[in-house]
file run33.cif (mmCIF, C-alpha atoms)
data_target
#
loop_
_atom_site.label_atom_id
_atom_site.label_comp_id
_atom_site.auth_asym_id
_atom_site.auth_seq_id
_atom_site.Cartn_x
_atom_site.Cartn_y
_atom_site.Cartn_z
CA MET K 106 125.50 98.60 84.35
CA THR K 107 129.15 99.42 84.94
CA ASP K 108 131.91 97.75 86.88
CA ILE K 109 132.93 101.02 88.52
CA VAL K 110 132.07 101.01 92.22
CA THR K 111 130.22 104.18 93.20
CA THR K 112 128.18 105.38 96.12
CA SER K 113 124.43 105.83 96.50
CA ALA K 114 121.83 105.93 99.21
CA SER K 115 121.34 102.18 98.78
CA SER K 116 125.01 101.25 99.21
CA PRO K 117 127.23 101.26 102.30
CA SER K 118 128.03 104.95 102.37
CA ALA K 119 126.66 107.88 100.43
CA SER K 120 129.19 110.29 101.88
CA ALA K 121 132.49 108.40 101.84
CA GLU K 122 134.34 106.35 99.29
CA LEU K 123 132.65 102.98 98.96
CA ALA K 124 134.56 99.88 100.05
CA PRO K 125 133.99 97.36 97.27
CA VAL K 126 133.98 94.27 99.50
CA GLU K 127 132.45 93.39 102.86
CA ALA K 128 131.61 90.22 104.75
CA ASN K 129 128.14 88.75 104.47
CA PRO K 130 127.16 86.96 107.71
CA LYS K 131 124.21 85.10 106.19
CA TRP K 132 124.13 81.41 105.25
CA ILE K 133 123.85 81.33 101.47
CA ARG K 134 122.73 78.32 99.46
CA GLY K 135 122.00 77.79 95.79
CA ARG K 136 120.13 74.85 94.30
CA VAL K 137 120.02 73.40 90.82
CA GLY K 138 117.02 71.11 90.66
CA ASP K 139 117.03 69.14 93.90
CA ARG K 140 120.76 69.40 94.57
CA THR K 141 122.58 72.05 96.57
CA VAL K 142 125.47 73.43 94.54
CA VAL K 143 126.39 76.40 96.76
CA ASP K 144 126.54 76.10 100.54
CA THR K 145 128.49 78.74 102.41
CA THR K 146 128.59 80.92 105.50
CA ASP K 147 131.64 82.73 104.12
CA SER K 148 130.31 84.80 101.21
CA LEU K 149 131.23 88.38 100.46
CA PHE K 150 129.16 91.31 99.28
CA VAL K 151 130.94 92.87 96.30
CA TRP K 152 129.60 96.15 94.93
CA GLU K 153 130.07 95.88 91.17
CA HIS K 154 127.69 98.82 90.64
CA ARG K 155 125.68 101.20 92.79
CA TYR K 156 122.34 99.44 92.94
CA TYR K 157 122.95 96.17 94.78
CA PRO K 158 125.86 93.83 95.62
CA GLN K 159 126.83 90.47 94.19
CA TRP K 160 127.67 87.40 96.26
CA TYR K 161 131.20 86.05 95.87
CA VAL K 162 131.51 82.58 97.41
CA PRO K 163 134.58 80.43 98.10
CA THR K 164 135.26 78.06 95.23
CA ALA K 165 135.59 75.32 97.86
CA ASP K 166 131.91 75.85 98.79
CA VAL K 167 130.66 75.08 95.29
CA ALA K 168 129.71 71.47 94.56
CA GLY K 169 130.90 70.59 91.08
CA GLU K 170 133.73 71.56 88.80
CA LEU K 171 134.34 75.17 87.84
CA ARG K 172 135.75 74.49 84.40
CA GLN K 173 137.68 77.21 82.59
CA THR K 174 136.19 78.20 79.24
CA GLY K 175 139.21 80.14 78.05
CA GLU K 176 137.20 83.37 77.90
CA VAL K 177 138.59 86.31 79.86
CA VAL K 178 136.85 89.63 80.49
CA ASP K 179 138.25 92.80 82.03
CA THR K 180 136.69 94.71 84.90
CA ASP K 181 137.53 98.19 86.12
CA ASN K 182 138.31 97.43 89.73
CA ARG K 183 138.49 93.66 90.27
CA GLY K 184 141.01 92.58 87.67
CA ALA K 185 140.64 90.17 84.77
CA ALA K 186 137.91 87.55 85.18
CA ASN K 187 138.08 84.01 83.87
CA ILE K 188 134.69 82.74 82.71
CA VAL K 189 133.89 79.25 83.99
CA ASP K 190 131.26 76.61 83.34
CA LEU K 191 129.69 74.84 86.31
CA VAL K 192 129.91 71.11 85.65
CA LEU K 193 127.81 68.74 87.76
CA ASP K 194 128.09 64.98 87.91
CA ALA K 195 124.92 63.40 86.50
CA GLY K 196 125.94 59.81 87.24
CA THR K 197 125.24 57.40 84.41
CA ASP K 198 123.89 60.32 82.37
CA GLY K 199 127.32 61.95 82.28
CA GLU K 200 127.56 65.64 83.07
CA ILE K 201 125.31 68.63 83.45
CA VAL K 202 127.11 71.69 82.10
CA ILE K 203 125.85 75.15 83.01
CA ALA K 204 127.67 77.23 80.43
CA GLY K 205 129.31 80.49 81.45
CA ALA K 206 128.00 80.06 84.98
CA GLY K 207 130.48 82.28 86.76
CA ARG K 208 133.54 84.48 86.99
CA ILE K 209 136.78 83.91 88.87
CA HIS K 210 139.40 86.62 89.49
CA PRO K 211 142.59 84.66 90.27
CA ASP K 212 144.87 87.72 90.12
CA SER K 213 142.48 90.34 91.46
CA PRO K 214 144.00 93.44 93.06
CA ILE K 215 141.49 92.72 95.82
CA PRO K 216 143.08 89.71 97.59
CA GLU K 217 139.80 88.54 99.15
CA LEU K 218 138.39 87.72 95.70
CA ARG K 219 141.15 85.48 94.41
CA ASN K 220 139.74 82.15 95.65
CA ARG K 221 136.10 83.00 95.07
CA VAL K 222 133.56 82.78 92.29
CA ARG K 223 130.66 85.01 91.40
CA LEU K 224 127.96 82.83 89.86
CA ARG K 225 125.39 84.27 87.47
CA TRP K 226 122.07 84.58 89.25
CA ASP K 227 120.28 82.50 86.62
CA ALA K 228 122.94 79.78 86.67
CA VAL K 229 121.22 78.52 89.81
CA ASP K 230 117.52 77.66 90.01
CA ARG K 231 116.89 78.87 93.58
CA TRP K 232 118.88 80.98 96.03
CA PHE K 233 118.40 81.15 99.80
CA GLU K 234 119.50 83.37 102.69
CA GLU K 235 119.16 81.08 105.70
CA GLU K 236 115.74 79.45 105.00
CA VAL K 237 114.30 82.37 103.03
CA GLU K 238 114.29 82.24 99.23
CA VAL K 239 115.73 85.29 97.49
CA PHE K 240 114.49 86.42 94.08
CA VAL K 241 115.89 88.48 91.19
CA HIS K 242 119.28 89.43 92.70
CA PRO K 243 121.09 89.57 96.07
CA ARG K 244 119.49 91.91 98.56
CA SER K 245 121.48 94.88 99.77
CA PRO K 246 122.07 95.05 103.53
CA TYR K 247 121.60 98.81 103.18
CA THR K 248 118.14 98.74 101.63
CA ARG K 249 115.16 98.97 103.92
CA VAL K 250 111.48 98.81 102.98
CA ASP K 251 108.74 100.30 105.21
CA VAL K 252 105.04 100.32 104.32
CA LEU K 253 103.07 102.87 106.34
CA PRO K 254 99.31 103.49 106.07
CA SER K 255 98.59 107.18 105.61
CA SER K 256 95.62 109.55 105.60
CA ARG K 257 97.34 112.10 103.35
CA HIS K 258 95.19 113.28 100.46
CA VAL K 259 96.79 111.90 97.29
CA VAL K 260 95.73 112.96 93.78
CA VAL K 261 97.23 111.44 90.61
CA ARG K 262 96.87 113.20 87.26
CA VAL K 263 98.11 112.29 83.79
CA ASP K 264 98.26 114.39 80.66
CA GLY K 265 95.12 114.20 78.55
CA PRO K 266 94.52 115.52 75.02
CA ASP K 267 93.57 118.96 76.36
CA GLU K 268 94.35 119.11 80.07
CA PRO K 269 95.50 116.84 82.92
CA VAL K 270 92.99 114.16 83.97
CA ILE K 271 92.55 112.84 87.50
CA VAL K 272 93.19 109.09 87.47
CA ALA K 273 93.19 108.43 91.22
CA GLU K 274 92.29 110.25 94.43
CA SER K 275 92.59 108.79 97.90
CA SER K 276 93.08 109.47 101.58
CA ARG K 277 93.80 105.77 102.20
CA ALA K 278 97.25 105.38 100.67
CA SER K 279 99.92 103.02 101.93
CA ILE K 280 103.27 104.71 101.43
CA LEU K 281 106.21 102.46 100.62
CA TYR K 282 109.57 103.90 101.63
CA GLU K 283 112.51 102.11 100.02
CA THR K 284 116.10 103.22 100.51
CA GLY K 285 117.37 105.21 97.55
CA LEU K 286 113.99 105.61 95.81
CA PRO K 287 111.18 108.18 96.02
CA ALA K 288 108.28 107.42 98.36
CA ARG K 289 105.69 105.37 96.47
CA TYR K 290 101.97 105.90 97.07
CA TYR K 291 99.95 102.69 96.78
CA LEU K 292 96.22 103.29 96.46
CA PRO K 293 93.14 101.08 96.89
CA PRO K 294 91.60 100.12 93.51
CA ASP K 295 88.30 101.65 94.69
CA ASP K 296 90.08 105.03 94.66
CA VAL K 297 91.47 104.56 91.15
CA ARG K 298 89.54 105.12 87.92
CA MET K 299 90.06 101.54 86.82
CA GLU K 300 88.16 102.15 83.57
CA LEU K 301 91.18 104.19 82.42
CA LEU K 302 93.68 101.43 83.21
CA VAL K 303 94.58 98.81 80.63
CA PRO K 304 96.49 95.68 81.76
CA THR K 305 99.73 95.01 79.90
CA ASP K 306 101.97 91.97 79.58
CA THR K 307 104.80 93.66 81.47
CA SER K 308 106.08 91.97 84.61
CA THR K 309 109.06 92.86 86.79
CA GLY K 310 110.63 91.30 89.85
CA CYS K 311 112.06 92.85 93.00
CA PRO K 312 113.86 90.97 95.81
CA TYR K 313 112.17 93.19 98.40
CA LYS K 314 108.63 93.37 97.01
CA GLY K 315 108.01 90.44 94.66
CA VAL K 316 106.58 90.20 91.14
CA ALA K 317 104.63 93.20 89.83
CA ARG K 318 102.07 93.44 87.07
CA TYR K 319 101.45 96.64 85.11
CA TRP K 320 98.80 98.84 83.58
CA SER K 321 98.87 101.59 81.00
CA VAL K 322 96.59 104.61 81.38
CA GLU K 323 94.55 105.70 78.37
CA VAL K 324 92.77 109.06 78.38
CA GLY K 325 91.23 110.64 75.30
CA GLY K 326 93.42 108.72 72.89
CA VAL K 327 96.60 109.44 74.88
CA THR K 328 98.37 106.33 76.18
CA HIS K 329 100.77 106.38 79.12
CA GLY K 330 102.46 103.00 78.85
CA ASP K 331 103.17 100.90 81.94
CA VAL K 332 102.72 103.86 84.26
CA ALA K 333 101.01 101.93 87.06
CA TRP K 334 101.81 98.67 88.80
CA GLY K 335 100.80 96.48 91.71
CA TYR K 336 101.69 93.32 93.63
CA ASP K 337 99.10 90.57 93.99
CA GLU K 338 101.37 88.45 96.20
CA PRO K 339 104.09 90.70 97.64
CA LEU K 340 106.94 89.36 99.73
CA PRO K 341 106.40 89.48 103.52
CA GLU K 342 108.27 92.75 104.14
CA SER K 343 106.03 94.50 101.60
CA ALA K 344 102.77 92.76 102.51
CA GLY K 345 101.11 96.12 103.17
CA VAL K 346 100.84 96.90 99.45
CA ARG K 347 99.01 93.71 98.52
CA GLY K 348 96.33 94.42 95.92
CA LEU K 349 97.05 98.16 95.79
CA ILE K 350 98.00 100.27 92.75
CA CYS K 351 100.93 102.65 92.44
CA PHE K 352 101.84 105.22 89.78
CA TYR K 353 105.34 106.30 88.81
CA ASN K 354 106.01 109.65 90.51
CA GLU K 355 108.41 110.27 87.63
CA ARG K 356 105.70 110.09 84.95
CA VAL K 357 102.50 111.46 86.51
CA ASP K 358 101.51 114.66 88.29
CA LEU K 359 101.23 113.90 91.98
CA THR K 360 99.59 116.17 94.54
CA ILE K 361 99.87 115.48 98.27
CA ASP K 362 97.61 117.43 100.60
CA GLY K 363 97.11 120.04 97.90
CA GLU K 364 100.80 120.55 97.14
CA ALA K 365 102.34 119.48 93.84
CA VAL K 366 105.20 117.00 94.19
CA PRO K 367 108.08 117.62 91.74
CA ARG K 368 108.74 114.68 89.45
CA PRO K 369 111.93 112.97 90.63
CA SER K 370 114.68 112.04 88.19
CA THR K 371 115.47 108.32 88.46
CA LYS K 372 116.18 105.39 86.16
CA PHE K 373 112.37 105.04 85.90
CA SER K 374 111.86 108.56 84.50
#
call {"tool": "encode", "arguments": {"input": "run33.cif", "output": "structure tokens"}}
result
Amino acid sequence: MTDIVTTSASSPSASAELAPVEANPKWIRGRVGDRTVVDTTDSLFVWEHRYYPQWYVPTADVAGELRQTGEVVDTDNRGAANIVDLVLDAGTDGEIVIAGAGRIHPDSPIPELRNRVRLRWDAVDRWFEEEVEVFVHPRSPYTRVDVLPSSRHVVVRVDGPDEPVIVAESSRASILYETGLPARYYLPPDDVRMELLVPTDTSTGCPYKGVARYWSVEVGGVTHGDVAWGYDEPLPESAGVRGLICFYNERVDLTIDGEAVPRPSTKFS
């Protein structure tokens, strides 16, 4: 990741210079244990990199002390950042100190940031937009997810020891369209050669889809690691892919209605 603000299809504008800061109208709360430590309707989206924004909240809307650690880090476009601990009163037990919980930019060239803090995502146990819990990182207001059932004929092949091997074939795909990413073809397990799939310990999280589990594909002694994934309990906006299996377009040969689909070049390639 880099602190340079750039544009992409998943950020405010892919054709004009990206404004690094914009108002977030949602009610944002963060909880540590059973106490609310962030409660604000005045947060900002700040685009520190191209993939998703961070929330910057007024220091006055943080319950607890933001204690300077003395550590300072430089950023490319927001000015020097002071690292702070979040210190919570624990009553007779003293203090709870969440070390290195956030960053404050008191002399930022962006005036809107000077009285705000960006807390590390994992400094807080649970985050909420209104009454909806948010996972992994803040959700971009410019990312949309659509899951559409399709009757297109989808064939998935992987490289075998001698020639490509068909791993899945279906006319019952659900296509997930997510801003900034290739279309993903989720297939019923009945249309996948499950005997070629080997579960792995890999797990990833997405704030739009949920927690995914992974499979490798093994054909004739050739292993394609973590090339397939699925969501057992997807988040509501991605409910249409529940229990289905998807393969990375970037790492398999995909044919749609008899036409080969070029492998896209993404961070998943």
call {"tool": "closest_residue", "arguments": {"input": "run33.cif", "among": "K:Val250, K:Ile209, K:Ala185, K:Val151", "to": "Leu171 (chain K)", "atoms": "only C-alpha atoms"}}
result
K:Ile209
call {"tool": "atom_distance", "arguments": {"input": "run33.cif", "atom1": "CA of Pro269 (chain K)", "atom2": "CA of Ala288 (chain K)"}}
result
22.1 Å
call {"tool": "atom_distance", "arguments": {"input": "run33.cif", "atom1": "CA of Gly205 (chain K)", "atom2": "CA of Asp227 (chain K)"}}
result
10.6 Å
call {"tool": "closest_residue", "arguments": {"input": "run33.cif", "among": "K:Ser275, K:Asn182, K:Ser308, K:Ser148", "to": "Asp337 (chain K)", "atoms": "all atoms listed in the file"}}
result
K:Ser308
call {"tool": "atom_distance", "arguments": {"input": "run33.cif", "atom1": "CA of Ala186 (chain K)", "atom2": "CA of Pro211 (chain K)"}}
result
7.5 Å
call {"tool": "axis_aligned_box", "arguments": {"input": "run33.cif", "around": "region 201-218 of chain K", "padding_each_side": "3 Å", "output": "AutoDock Vina command-line options"}}
result
--center_x 135.1 --center_y 81.0 --center_z 89.8 --size_x 25.6 --size_y 30.8 --size_z 24.7
call {"tool": "resolve_selection", "arguments": {"input": "run33.cif", "expression": "the PyMOL selection byres ((chain K and resi 353-366) around 8)", "output": "MDAnalysis selection string"}}
result
chainID K and resid 257:264 287 289 332:333 351:352 367:371 373:374
